[in-house]
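Trainee: Here you go, upload-v1.cif (mmCIF, C-alpha atoms):
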data_protein
loop_
_atom_site.label_atom_id
_atom_site.label_comp_id
_atom_site.auth_asym_id
_atom_site.auth_seq_id
_atom_site.Cartn_x
_atom_site.Cartn_y
_atom_site.Cartn_z
CA MET P 1 -37.77 -75.90 7.44
CA HIS P 2 -37.24 -73.72 4.39
CA THR P 3 -33.59 -72.99 3.69
CA ALA P 4 -34.15 -69.28 3.43
CA PHE P 5 -35.84 -69.40 6.78
CA LYS P 6 -32.84 -71.19 8.23
CA TYR P 7 -30.58 -68.59 6.74
CA SER P 8 -32.47 -65.85 8.49
CA LEU P 9 -32.21 -67.73 11.72
CA LYS P 10 -28.50 -68.02 11.25
CA LEU P 11 -28.25 -64.31 10.65
CA ALA P 12 -30.35 -63.70 13.69
CA CYS P 13 -28.02 -65.69 15.84
CA LEU P 14 -24.95 -64.06 14.37
CA ALA P 15 -26.48 -60.71 15.04
CA LEU P 16 -27.00 -61.85 18.57
CA VAL P 17 -23.24 -62.23 18.84
CA LEU P 18 -22.66 -58.80 17.39
CA CYS P 19 -25.00 -57.33 19.90
CA GLY P 20 -22.86 -58.70 22.65
CA ALA P 21 -25.73 -60.63 24.04
CA GLN P 22 -23.61 -63.64 24.73
CA GLY P 23 -21.73 -61.96 27.50
CA ALA P 24 -24.83 -60.43 28.93
CA ALA P 25 -26.57 -63.77 28.95
CA ARG P 26 -23.96 -65.27 31.20
CA ALA P 27 -25.88 -64.14 34.17
CA GLN P 28 -25.35 -65.53 37.59
CA GLN P 29 -27.14 -68.68 38.62
CA PRO P 30 -30.84 -67.95 38.29
CA GLN P 31 -33.28 -67.73 41.15
CA SER P 32 -36.38 -69.85 41.02
CA ALA P 33 -38.68 -66.96 41.89
CA ASP P 34 -38.00 -65.47 38.48
CA VAL P 35 -38.78 -68.54 36.47
CA THR P 36 -42.43 -67.69 36.08
CA ARG P 37 -41.51 -64.36 34.56
CA VAL P 38 -39.16 -65.89 32.02
CA LYS P 39 -41.20 -68.92 31.08
CA LEU P 40 -43.60 -67.29 28.70
CA GLN P 41 -47.27 -68.15 28.72
CA MET P 42 -48.01 -69.56 25.29
CA GLU P 43 -51.61 -70.64 25.77
CA ALA P 44 -52.74 -67.81 23.51
CA LEU P 45 -51.04 -69.65 20.66
CA ASP P 46 -53.27 -72.66 21.12
CA ARG P 47 -55.93 -71.21 18.88
CA LEU P 48 -53.45 -71.25 16.01
CA ALA P 49 -53.40 -75.03 16.09
CA ALA P 50 -56.95 -75.16 14.78
CA ARG P 51 -55.98 -73.06 11.77
CA ALA P 52 -52.59 -74.61 11.13
CA GLU P 53 -51.91 -77.39 8.71
CA LYS P 54 -49.46 -78.68 11.27
CA ALA P 55 -48.84 -77.67 14.86
CA VAL P 56 -45.90 -78.95 16.89
CA ASP P 57 -45.46 -78.35 20.60
CA VAL P 58 -42.33 -79.56 22.36
CA THR P 59 -42.04 -79.07 26.11
CA VAL P 60 -38.82 -79.94 27.89
CA ASP P 61 -39.35 -78.79 31.43
CA GLU P 62 -36.97 -78.71 34.36
CA ASN P 63 -37.82 -82.26 35.43
CA LEU P 64 -37.14 -83.65 32.00
CA LEU P 65 -33.94 -81.66 31.70
CA GLY P 66 -32.87 -83.10 35.03
CA LEU P 67 -33.38 -86.59 33.66
CA VAL P 68 -31.36 -85.85 30.56
CA THR P 69 -28.43 -84.31 32.38
CA GLY P 70 -28.58 -87.05 34.97
CA MET P 71 -28.30 -89.83 32.44
CA PHE P 72 -25.37 -88.10 30.75
CA ARG P 73 -23.63 -87.32 34.03
CA ASN P 74 -20.93 -89.96 33.76
CA SER P 75 -20.87 -90.23 30.00
CA LYS P 76 -17.57 -90.00 28.13
CA ASP P 77 -19.31 -89.74 24.75
CA PRO P 78 -18.26 -86.35 23.33
CA ASP P 79 -21.72 -85.69 21.87
CA LYS P 80 -23.43 -86.41 25.16
CA VAL P 81 -20.88 -84.37 27.08
CA LYS P 82 -21.53 -81.50 24.71
CA VAL P 83 -25.28 -81.68 25.28
CA ARG P 84 -24.85 -82.10 29.03
CA ASP P 85 -22.65 -79.02 29.24
CA ALA P 86 -25.03 -77.03 27.08
CA LEU P 87 -27.95 -77.95 29.29
CA ALA P 88 -26.19 -76.81 32.44
CA GLY P 89 -28.20 -73.96 33.87
CA ILE P 90 -31.12 -74.43 31.46
CA ARG P 91 -34.47 -74.75 33.20
CA GLY P 92 -36.80 -75.28 30.33
CA VAL P 93 -37.13 -75.30 26.57
CA TYR P 94 -40.50 -74.71 24.95
CA VAL P 95 -40.93 -74.90 21.19
CA ARG P 96 -44.01 -74.19 19.12
CA VAL P 97 -44.06 -74.51 15.35
CA TYR P 98 -47.10 -73.80 13.19
CA GLU P 99 -47.28 -74.42 9.48
CA PHE P 100 -50.16 -73.01 7.48
CA ALA P 101 -51.61 -73.92 4.14
CA ASN P 102 -52.19 -70.34 3.00
CA ASP P 103 -50.97 -66.82 3.58
CA GLY P 104 -52.93 -64.75 6.04
CA GLN P 105 -53.92 -67.60 8.32
CA TRP P 106 -51.98 -66.11 11.18
CA GLY P 107 -51.17 -62.54 12.05
CA GLU P 108 -49.74 -60.19 14.64
CA PRO P 109 -52.83 -60.39 16.88
CA ASP P 110 -52.06 -64.07 17.38
CA ILE P 111 -48.70 -63.30 18.97
CA ALA P 112 -49.73 -60.10 20.72
CA ASP P 113 -49.77 -61.81 24.08
CA ILE P 114 -46.24 -63.12 23.57
CA ARG P 115 -45.09 -59.62 22.63
CA ARG P 116 -46.78 -58.20 25.69
CA GLN P 117 -44.80 -60.53 27.91
CA VAL P 118 -41.42 -59.73 26.39
CA GLY P 119 -42.34 -56.08 26.52
CA GLU P 120 -42.07 -56.16 30.28
CA PRO P 121 -39.05 -54.73 32.08
CA GLY P 122 -35.97 -56.87 31.87
CA TRP P 123 -36.58 -58.12 28.36
CA SER P 124 -34.72 -56.64 25.40
CA ARG P 125 -35.14 -57.21 21.72
CA VAL P 126 -31.59 -57.84 20.61
CA VAL P 127 -32.26 -58.93 17.05
CA ASN P 128 -34.85 -57.78 14.56
CA ILE P 129 -34.50 -58.98 11.00
CA TYR P 130 -37.08 -58.54 8.29
CA SER P 131 -36.84 -59.54 4.67
CA LYS P 132 -39.42 -57.69 2.65
CA LYS P 133 -38.75 -59.90 -0.33
CA ASP P 134 -40.16 -63.07 1.16
CA GLY P 135 -41.73 -61.84 4.34
CA GLN P 136 -39.29 -63.56 6.65
CA LYS P 137 -38.95 -62.11 10.08
CA VAL P 138 -36.68 -63.11 12.93
CA GLU P 139 -36.69 -61.50 16.32
CA VAL P 140 -34.68 -62.50 19.37
CA PHE P 141 -35.59 -61.25 22.80
CA LEU P 142 -33.31 -61.69 25.77
CA ARG P 143 -33.72 -61.35 29.47
CA ALA P 144 -30.36 -61.32 31.20
CA LEU P 145 -30.21 -59.58 34.53
CA PRO P 146 -27.50 -60.31 37.08
CA GLY P 147 -28.70 -62.73 39.71
CA GLN P 148 -31.99 -63.43 37.98
CA VAL P 149 -33.27 -66.14 35.73
CA GLY P 150 -32.27 -65.59 32.15
CA GLY P 151 -34.52 -66.18 29.22
CA LEU P 152 -34.56 -66.17 25.49
CA LEU P 153 -37.35 -65.92 22.98
CA VAL P 154 -36.96 -66.53 19.27
CA LEU P 155 -39.86 -65.44 17.09
CA ALA P 156 -39.24 -66.60 13.56
CA SER P 157 -41.91 -66.32 10.94
CA GLN P 158 -42.82 -66.50 7.34
CA PRO P 159 -46.25 -65.91 5.83
CA LYS P 160 -47.04 -69.62 6.19
CA GLU P 161 -44.96 -70.50 9.21
CA LEU P 162 -44.48 -69.35 12.75
CA MET P 163 -41.87 -70.67 15.16
CA VAL P 164 -41.64 -69.67 18.80
CA ILE P 165 -38.76 -70.87 20.98
CA ASN P 166 -38.62 -69.96 24.65
CA MET P 167 -35.59 -71.00 26.67
CA VAL P 168 -35.41 -70.43 30.39
CA GLY P 169 -32.25 -70.33 32.47
CA ASN P 170 -28.68 -69.41 31.89
CA VAL P 171 -28.89 -69.00 28.15
CA ASP P 172 -26.26 -67.81 25.75
CA LEU P 173 -25.45 -68.20 22.10
CA GLU P 174 -23.06 -71.03 22.75
CA LYS P 175 -25.79 -73.00 24.44
CA LEU P 176 -28.24 -72.28 21.66
CA ALA P 177 -25.69 -73.47 19.12
CA SER P 178 -24.93 -76.62 21.07
CA LEU P 179 -28.60 -77.46 21.46
CA GLN P 180 -29.68 -77.07 17.87
CA GLY P 181 -31.02 -80.36 16.70
CA GLN P 182 -31.54 -81.39 20.31
CA ILE P 183 -34.55 -81.32 22.63
CA GLY P 184 -36.85 -80.14 19.88
CA ILE P 185 -34.84 -77.09 18.86
CA PRO P 186 -34.63 -76.94 15.06
CA GLU P 187 -31.30 -76.78 13.28
CA LEU P 188 -30.38 -73.14 13.24
CA ASP P 189 -27.07 -73.32 11.35
CA ILE P 190 -25.54 -70.87 13.71
CA PHE P 191 -21.91 -71.65 13.09
CA GLY P 192 -20.45 -72.32 9.67
CA GLY P 193 -22.23 -73.92 6.78
CA GLY P 194 -23.30 -70.67 5.17
CA GLY P 195 -26.54 -70.08 3.36
CA ASP P 196 -27.71 -71.94 0.31
CA ASP P 197 -27.44 -70.47 -3.13
CA ASP P 198 -31.10 -69.65 -3.29
CA ASP P 199 -30.72 -67.49 -0.22
CA LYS P 200 -28.19 -65.12 -1.68
CA ASP P 201 -30.76 -62.56 -2.64
CA SER P 202 -32.05 -62.28 0.85
CA LYS P 203 -30.85 -59.09 2.44
CA PRO P 204 -32.17 -58.97 5.95
CA ALA P 205 -30.88 -56.15 8.09
CA ALA P 206 -30.15 -56.45 11.76
CA LYS P 207 -30.97 -53.61 14.02
CA PRO P 208 -28.99 -52.86 17.14
CA ALA P 209 -30.32 -54.02 20.43
CA THR P 210 -32.96 -51.90 22.06
CA LYS P 211 -32.46 -52.07 25.74
CA LYS P 212 -35.40 -51.60 28.00
CA PRO P 213 -35.29 -50.71 31.63
CA MET F 1 -48.94 -95.66 9.65
CA ARG F 2 -51.30 -96.97 7.10
CA SER F 3 -53.89 -99.64 7.00
CA ASN F 4 -51.35 -102.02 5.51
CA THR F 5 -49.46 -101.86 8.78
CA VAL F 6 -52.33 -103.49 10.58
CA ARG F 7 -51.63 -106.98 9.33
CA PRO F 8 -48.06 -106.90 10.60
CA ALA F 9 -49.48 -105.45 13.78
CA LEU F 10 -51.75 -108.44 14.15
CA LEU F 11 -48.77 -110.71 13.56
CA LEU F 12 -46.94 -108.81 16.23
CA LEU F 13 -49.81 -109.18 18.63
CA ALA F 14 -49.90 -112.90 17.97
CA ALA F 15 -46.17 -113.04 18.68
CA LEU F 16 -46.73 -111.03 21.83
CA LEU F 17 -49.38 -113.47 22.95
CA LEU F 18 -47.10 -116.41 22.26
CA ALA F 19 -44.22 -114.75 24.01
CA ALA F 20 -46.45 -113.91 26.93
CA SER F 21 -47.50 -117.53 27.29
CA LEU F 22 -43.82 -118.47 27.57
CA ALA F 23 -42.92 -115.65 29.91
CA PRO F 24 -42.55 -116.15 33.64
CA PRO F 25 -45.43 -115.10 35.87
CA VAL F 26 -45.90 -111.40 36.06
CA GLY F 27 -44.81 -109.83 39.30
CA ALA F 28 -46.22 -106.84 41.05
CA SER F 29 -43.76 -104.55 39.34
CA ALA F 30 -45.23 -105.51 36.01
CA ALA F 31 -48.73 -104.46 36.92
CA GLY F 32 -50.51 -102.49 34.23
CA GLU F 33 -50.06 -98.75 34.11
CA PRO F 34 -53.42 -97.16 34.85
CA GLU F 35 -52.55 -94.21 32.64
CA TYR F 36 -51.93 -96.47 29.67
CA ASP F 37 -55.31 -98.07 30.19
CA ALA F 38 -56.82 -94.62 30.59
CA ALA F 39 -55.33 -93.46 27.31
CA VAL F 40 -56.70 -96.50 25.49
CA LYS F 41 -60.07 -96.04 27.12
CA LEU F 42 -60.12 -92.38 26.19
CA ILE F 43 -59.65 -93.14 22.51
CA GLU F 44 -62.41 -95.74 22.73
CA THR F 45 -64.87 -93.38 24.33
CA TYR F 46 -63.92 -90.17 22.57
CA TYR F 47 -63.78 -91.66 19.08
CA LYS F 48 -66.16 -94.55 19.74
CA ALA F 49 -63.57 -97.00 18.47
CA LYS F 50 -62.56 -100.47 19.59
CA HIS F 51 -58.97 -101.50 19.92
CA ILE F 52 -57.45 -104.87 19.23
CA GLY F 53 -54.74 -106.61 21.14
CA ILE F 54 -55.17 -105.78 24.76
CA PRO F 55 -58.20 -108.01 25.43
CA PHE F 56 -56.21 -111.05 24.27
CA ILE F 57 -53.34 -110.24 26.54
CA ALA F 58 -55.64 -109.40 29.42
CA ARG F 59 -57.47 -112.71 29.09
CA ALA F 60 -54.13 -114.48 29.17
CA GLY F 61 -53.57 -112.88 32.54
CA VAL F 62 -50.54 -110.99 31.38
CA GLY F 63 -50.19 -107.34 32.18
CA VAL F 64 -46.88 -106.92 30.46
CA ALA F 65 -45.64 -109.07 27.63
CA LYS F 66 -41.94 -109.70 27.39
CA VAL F 67 -41.18 -109.89 23.72
CA VAL F 68 -38.71 -112.64 22.89
CA SER F 69 -39.60 -113.52 19.34
CA ARG F 70 -36.84 -112.98 16.82
CA ASP F 71 -39.50 -111.80 14.43
CA VAL F 72 -40.14 -108.80 16.57
CA ARG F 73 -36.63 -108.23 17.76
CA ARG F 74 -36.76 -104.55 17.04
CA VAL F 75 -39.45 -104.20 19.65
CA ALA F 76 -37.37 -106.35 21.98
CA ARG F 77 -34.92 -103.47 22.20
CA TYR F 78 -37.47 -101.95 24.47
CA ALA F 79 -38.84 -103.41 27.66
CA ASN F 80 -42.41 -103.81 28.82
CA ALA F 81 -44.00 -102.86 25.54
CA ARG F 82 -47.77 -102.56 25.47
CA VAL F 83 -49.58 -101.82 22.27
CA ALA F 84 -53.18 -101.11 21.45
CA VAL F 85 -54.17 -100.82 17.81
CA PHE F 86 -57.31 -99.16 16.52
CA ASP F 87 -57.93 -100.19 12.96
CA ASP F 88 -60.10 -98.85 10.17
CA HIS F 89 -62.07 -96.22 12.01
CA ASP F 90 -62.82 -92.59 11.16
CA PHE F 91 -60.69 -90.54 13.54
CA THR F 92 -61.40 -87.29 11.75
CA ALA F 93 -64.99 -86.98 12.90
CA ARG F 94 -64.20 -84.93 16.00
CA GLY F 95 -61.94 -82.26 14.61
CA GLY F 96 -58.30 -81.45 15.02
CA GLY F 97 -57.67 -82.98 18.40
CA GLY F 98 -57.39 -79.97 20.71
CA GLU F 99 -60.07 -81.23 23.04
CA PHE F 100 -58.72 -84.77 22.89
CA HIS F 101 -55.25 -83.55 23.82
CA SER F 102 -56.62 -81.70 26.84
CA LEU F 103 -58.49 -84.80 27.97
CA LEU F 104 -55.43 -86.98 27.49
CA ARG F 105 -53.26 -84.65 29.55
CA GLU F 106 -55.90 -84.70 32.24
CA ARG F 107 -55.95 -88.51 32.28
CA LEU F 108 -52.16 -88.73 32.57
CA ARG F 109 -51.70 -86.04 35.17
CA PRO F 110 -52.17 -88.34 38.18
CA GLY F 111 -49.26 -90.47 36.97
CA ARG F 112 -47.03 -87.40 36.72
CA TRP F 113 -46.32 -87.88 33.07
CA SER F 114 -44.61 -84.97 31.33
CA ASN F 115 -46.04 -84.03 27.97
CA LEU F 116 -42.93 -83.92 25.79
CA LEU F 117 -44.58 -83.58 22.41
CA SER F 118 -47.84 -82.88 20.71
CA VAL F 119 -48.27 -82.74 16.96
CA ARG F 120 -51.52 -81.99 15.23
CA GLY F 121 -51.55 -82.06 11.47
CA ALA F 122 -54.30 -82.01 8.91
CA GLU F 123 -52.76 -84.88 6.98
CA GLU F 124 -50.36 -86.37 9.50
CA GLY F 125 -52.90 -86.72 12.28
CA GLN F 126 -51.99 -86.42 15.93
CA VAL F 127 -48.96 -87.54 17.91
CA TYR F 128 -48.76 -87.19 21.68
CA THR F 129 -45.72 -88.30 23.66
CA PHE F 130 -45.51 -88.42 27.43
CA THR F 131 -42.54 -89.45 29.56
CA LYS F 132 -41.61 -90.09 33.14
CA ALA F 133 -38.64 -91.53 35.02
CA ASP F 134 -38.83 -94.97 36.57
CA GLY F 135 -35.60 -95.83 38.34
CA ASP F 136 -32.88 -96.17 35.75
CA LYS F 137 -35.43 -96.46 32.95
CA PHE F 138 -37.72 -94.00 31.27
CA LYS F 139 -41.35 -94.78 30.67
CA VAL F 140 -42.77 -93.43 27.44
CA LEU F 141 -46.39 -93.35 26.37
CA ILE F 142 -47.13 -92.46 22.77
CA ALA F 143 -50.53 -92.03 21.16
CA VAL F 144 -50.65 -91.71 17.39
CA ILE F 145 -54.01 -90.95 15.83
CA GLU F 146 -54.24 -90.86 12.09
CA PRO F 147 -57.29 -90.47 9.89
CA ARG F 148 -58.06 -94.22 9.75
CA ASP F 149 -55.85 -95.82 12.42
CA ALA F 150 -54.63 -95.16 15.92
CA ILE F 151 -52.03 -96.69 18.19
CA VAL F 152 -51.27 -96.37 21.87
CA LEU F 153 -47.83 -97.57 22.83
CA GLN F 154 -46.20 -97.69 26.22
CA LEU F 155 -42.68 -98.93 26.72
CA ASP F 156 -39.56 -98.50 28.78
CA LEU F 157 -36.48 -96.96 27.26
CA ASN F 158 -32.91 -97.08 28.44
CA ALA F 159 -30.86 -93.90 28.58
CA ASP F 160 -29.53 -94.15 25.05
CA GLU F 161 -32.95 -94.74 23.51
CA PHE F 162 -34.42 -92.00 25.62
CA ALA F 163 -31.70 -89.62 24.45
CA LYS F 164 -32.79 -90.28 20.87
CA LEU F 165 -36.35 -89.44 21.78
CA ILE F 166 -35.32 -86.19 23.40
CA ALA F 167 -33.14 -85.22 20.47
CA ASP F 168 -35.94 -85.46 17.94
CA PRO F 169 -39.25 -86.11 19.70
CA GLU F 170 -41.48 -86.22 16.63
CA ALA F 171 -39.34 -88.43 14.41
CA GLU F 172 -38.47 -90.81 17.22
CA SER F 173 -42.06 -91.08 18.44
CA ARG F 174 -43.15 -92.09 14.97
CA SER F 175 -40.20 -94.46 14.68
CA LEU F 176 -41.05 -96.17 17.96
CA THR F 177 -44.67 -96.71 17.00
CA ARG F 178 -43.59 -97.94 13.59
CA ASP F 179 -41.21 -100.42 15.19
CA ALA F 180 -43.87 -101.58 17.59
CA THR F 181 -46.41 -102.29 14.90
CA THR F 182 -44.23 -103.69 12.15
CA ALA F 183 -42.93 -107.23 12.37
CA ASP F 184 -39.44 -107.76 11.07
CA ASP F 185 -39.43 -110.31 8.27
CA LYS F 186 -35.77 -111.22 8.66
#
Show me the file's structure as structure tokens.
Mentor:
Amino acid sequence: MHTAFKYSLKLACLALVLCGAQGAARAQQPQSADVTRVKLQMEALDRLAARAEKAVDVTVDENLLGLVTGMFRNSKDPDKVKVRDALAGIRGVYVRVYEFANDGQWGEPDIADIRRQVGEPGWSRVVNIYSKKDGQKVEVFLRALPGQVGGLLVLASQPKELMVINMVGNVDLEKLASLQGQIGIPELDIFGGGGDDDDKDSKPAAKPATKKP
Amino acid sequence: MRSNTVRPALLLLAALLLAASLAPPVGASAAGEPEYDAAVKLIETYYKAKHIGIPFIARAGVGVAKVVSRDVRRVARYANARVAVFDDHDFTARGGGGEFHSLLRERLRPGRWSNLLSVRGAEEGQVYTFTKADGDKFKVLIAVIEPRDAIVLQLDLNADEFAKLIADPEAESRSLTRDATTADDK
């Protein structure tokens, strides 16, 4: 993924911390009845695959997560322990990445259905970064209500790329950081590392969280 | 995967056949996976292509070949490998693969396979990876369809190998199919 894009993602995640979303995300153990409301329906994105130069769809559902945590249950390997702990409480990870050959091959109407879903009560947009210079946009939506299933949506885009990450369960920044590079989640460079030199001109601005009822 | 991988693939298949002839009789647990056969059949019917490899093994009365050849030791890391190779055929004739993916998911649903990964690229072709648990092992079925070649691979992974697949599904799926169709010269 483009370094500038990564940088924006990093900023998005840092902004997530500033917004205090981490604490809010530590909701109580989720109830299964809410899962369907937090697992976003992404079928509307399918039509993008026909236009994209490359379309990637990674689905790690609850069954698969159960297998992964199960096989790491007795592991002493620090890396596996880290992943196992990060997956605790996660009920699903769904990643879609679309890369396009030209500008204008995707647009807001293509993600309107996703926006509609996170516009429902319980969801909040906690991060909204836009870089006019290169058209990068990163939005993070969070659903964290006490006693209900938590959820996270990352919408990260550039004119020629769209990435949608939906995580279901007890999600917080720490988990997101621990899972980068795992189960299909791209490297987000959340902690440390800093941006590359060519990113220094990027000046995205984070907006404060907009809580919805 | 390129056409020049086909010759090593044929060598591998020959090694598989030899290994199969030396392997003990196949028990009930080694019976062929119907979903694997369905995936192969789907490529044959959808793209009107013929695969190589499986008929030889089938005629030898072996559902699962246990690979023991040193020449294919990389594949031997995995158990119960089954490979079907489709060589030198136009797999671009029916578009980007959306319909094929739907049909493949439908074929694998009865076996309760989870669709871990799908990749559809204009140049890179299609990659579909399905998984399911089988005791202490993990069954993986991968279909790679490129403009001129296609491969269907089913194999069992242990926990460590499966963890690699989960960590980076696309890279590891391609790596597994590459391993399965490339004989090691050492």
Trainee: With 6 Å as the cut-off and all atoms listed in the file counted, what is the closest atom pair between each nearby residue of chain P and chain F? Distances in Å to one decimal, ordered by chain and number, as a Markdown table.
Mentor:
| residue | atom | partner | partner_atom | distance |
| --- | --- | --- | --- | --- |
| P:Glu53 | CA | F:Ala122 | CA | 5.2 |
| P:Lys54 | CA | F:Gly121 | CA | 4.0 |
| P:Ala55 | CA | F:Arg120 | CA | 5.1 |
| P:Val56 | CA | F:Val119 | CA | 4.5 |
| P:Asp57 | CA | F:Ser118 | CA | 5.1 |
| P:Val58 | CA | F:Leu117 | CA | 4.6 |
| P:Thr59 | CA | F:Leu116 | CA | 4.9 |
| P:Gln182 | CA | F:Ala167 | CA | 4.2 |
| P:Ile183 | CA | F:Ala167 | CA | 4.7 |
| P:Gly184 | CA | F:Asp168 | CA | 5.7 |
Trainee: Can you spell out as a PDB file with C-alpha atoms, in the coordinates of the input the set of residues that the PyMOL selection byres ((chain F and resi 81) around 6) selects in the structure I just provided?
Mentor:
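Final file, expr.pdb:
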ATOM      1  CA  ALA F  79     -38.840-103.410  27.660  1.00  0.00           C
ATOM      2  CA  ASN F  80     -42.410-103.810  28.820  1.00  0.00           C
ATOM      3  CA  ARG F  82     -47.770-102.560  25.470  1.00  0.00           C
ATOM      4  CA  GLN F 154     -46.200 -97.690  26.220  1.00  0.00           C
ATOM      5  CA  LEU F 155     -42.680 -98.930  26.720  1.00  0.00           C
TER       6      LEU F 155
END
Trainee: Once you count all atoms listed in the file, which residues end up no further than 12 Å from (-40.3, -65.9, 14.7) in the file's frame, shown as an NGL selection string?
Mentor: :P and (5-6 or 8-9 or 12 or 95-98 or 107-108 or 111 or 114-115 or 127-130 or 135-141 or 153-166)
Trainee: Quote the spacing between atom CA of F:His89 and atom CA of F:Asp179 in Å to one decimal place.
Mentor: 21.5 Å
Trainee: Using Å and a single decimal, report how far atom CA of F:Arg174 sits from atom CA of F:Leu103.
Mentor: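 Straight-line distance from atom CA of F:Leu103 to atom CA of F:Arg174 works out to 21.4 Å.
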Trainee: Written as a list in words, what is the full residue list that the PyMOL selection byres ((chain F and resi 37-52) around 8) yields on the file shown?
Mentor: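 Applying the expression gives Gly32, Glu33, Pro34, Glu35, Tyr36, Gly53, Ile54, Pro55, Ala84, Val85, Phe86, Asp87, His89, Phe91, Ala93, Arg94, Phe100, Leu103, Leu104, Arg107, Leu108, Ala143 and Val152 of chain F.
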Trainee: At what distance in Å, to one decimal, does atom CA of P:Val81 lie from atom CA of P:Glu174?
Mentor: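 It comes out at 14.2 Å.
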Trainee: If you count all atoms listed in the file, which residues fall within 9 Å of P:Ser178, apart from same-chain ones fewer than 3 positions away, as JSON, numbers by chain?
Mentor: {"P": [82, 83, 85, 86, 87, 173, 174, 175, 181, 182]}
Trainee: Around all of stretch 54-57 of chain P's listed atoms, make the axis-aligned box with 5 Å on each side and tell me centre and edge lengths in Å to one decimal, as JSON.
Mentor:
{"center_x": -47.5, "center_y": -78.3, "center_z": 15.9, "size_x": 14.0, "size_y": 11.3, "size_z": 19.3}
Trainee: Residues at most 10 Å from P:Ala88, counting all atoms listed in the file, excluding those fewer than 4 positions away in the same chain, as a ChimeraX atom specification?
Mentor: /P:65-66,69,83-84,169-171,175
Trainee: I need the residue nearest P:Asp113 from this list: P:Gly70, P:Gln180, P:Arg143, P:Asp46. Use all atoms listed in the file for the distance.
Mentor: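 Under the stated criterion, the closest residue is P:Asp46.
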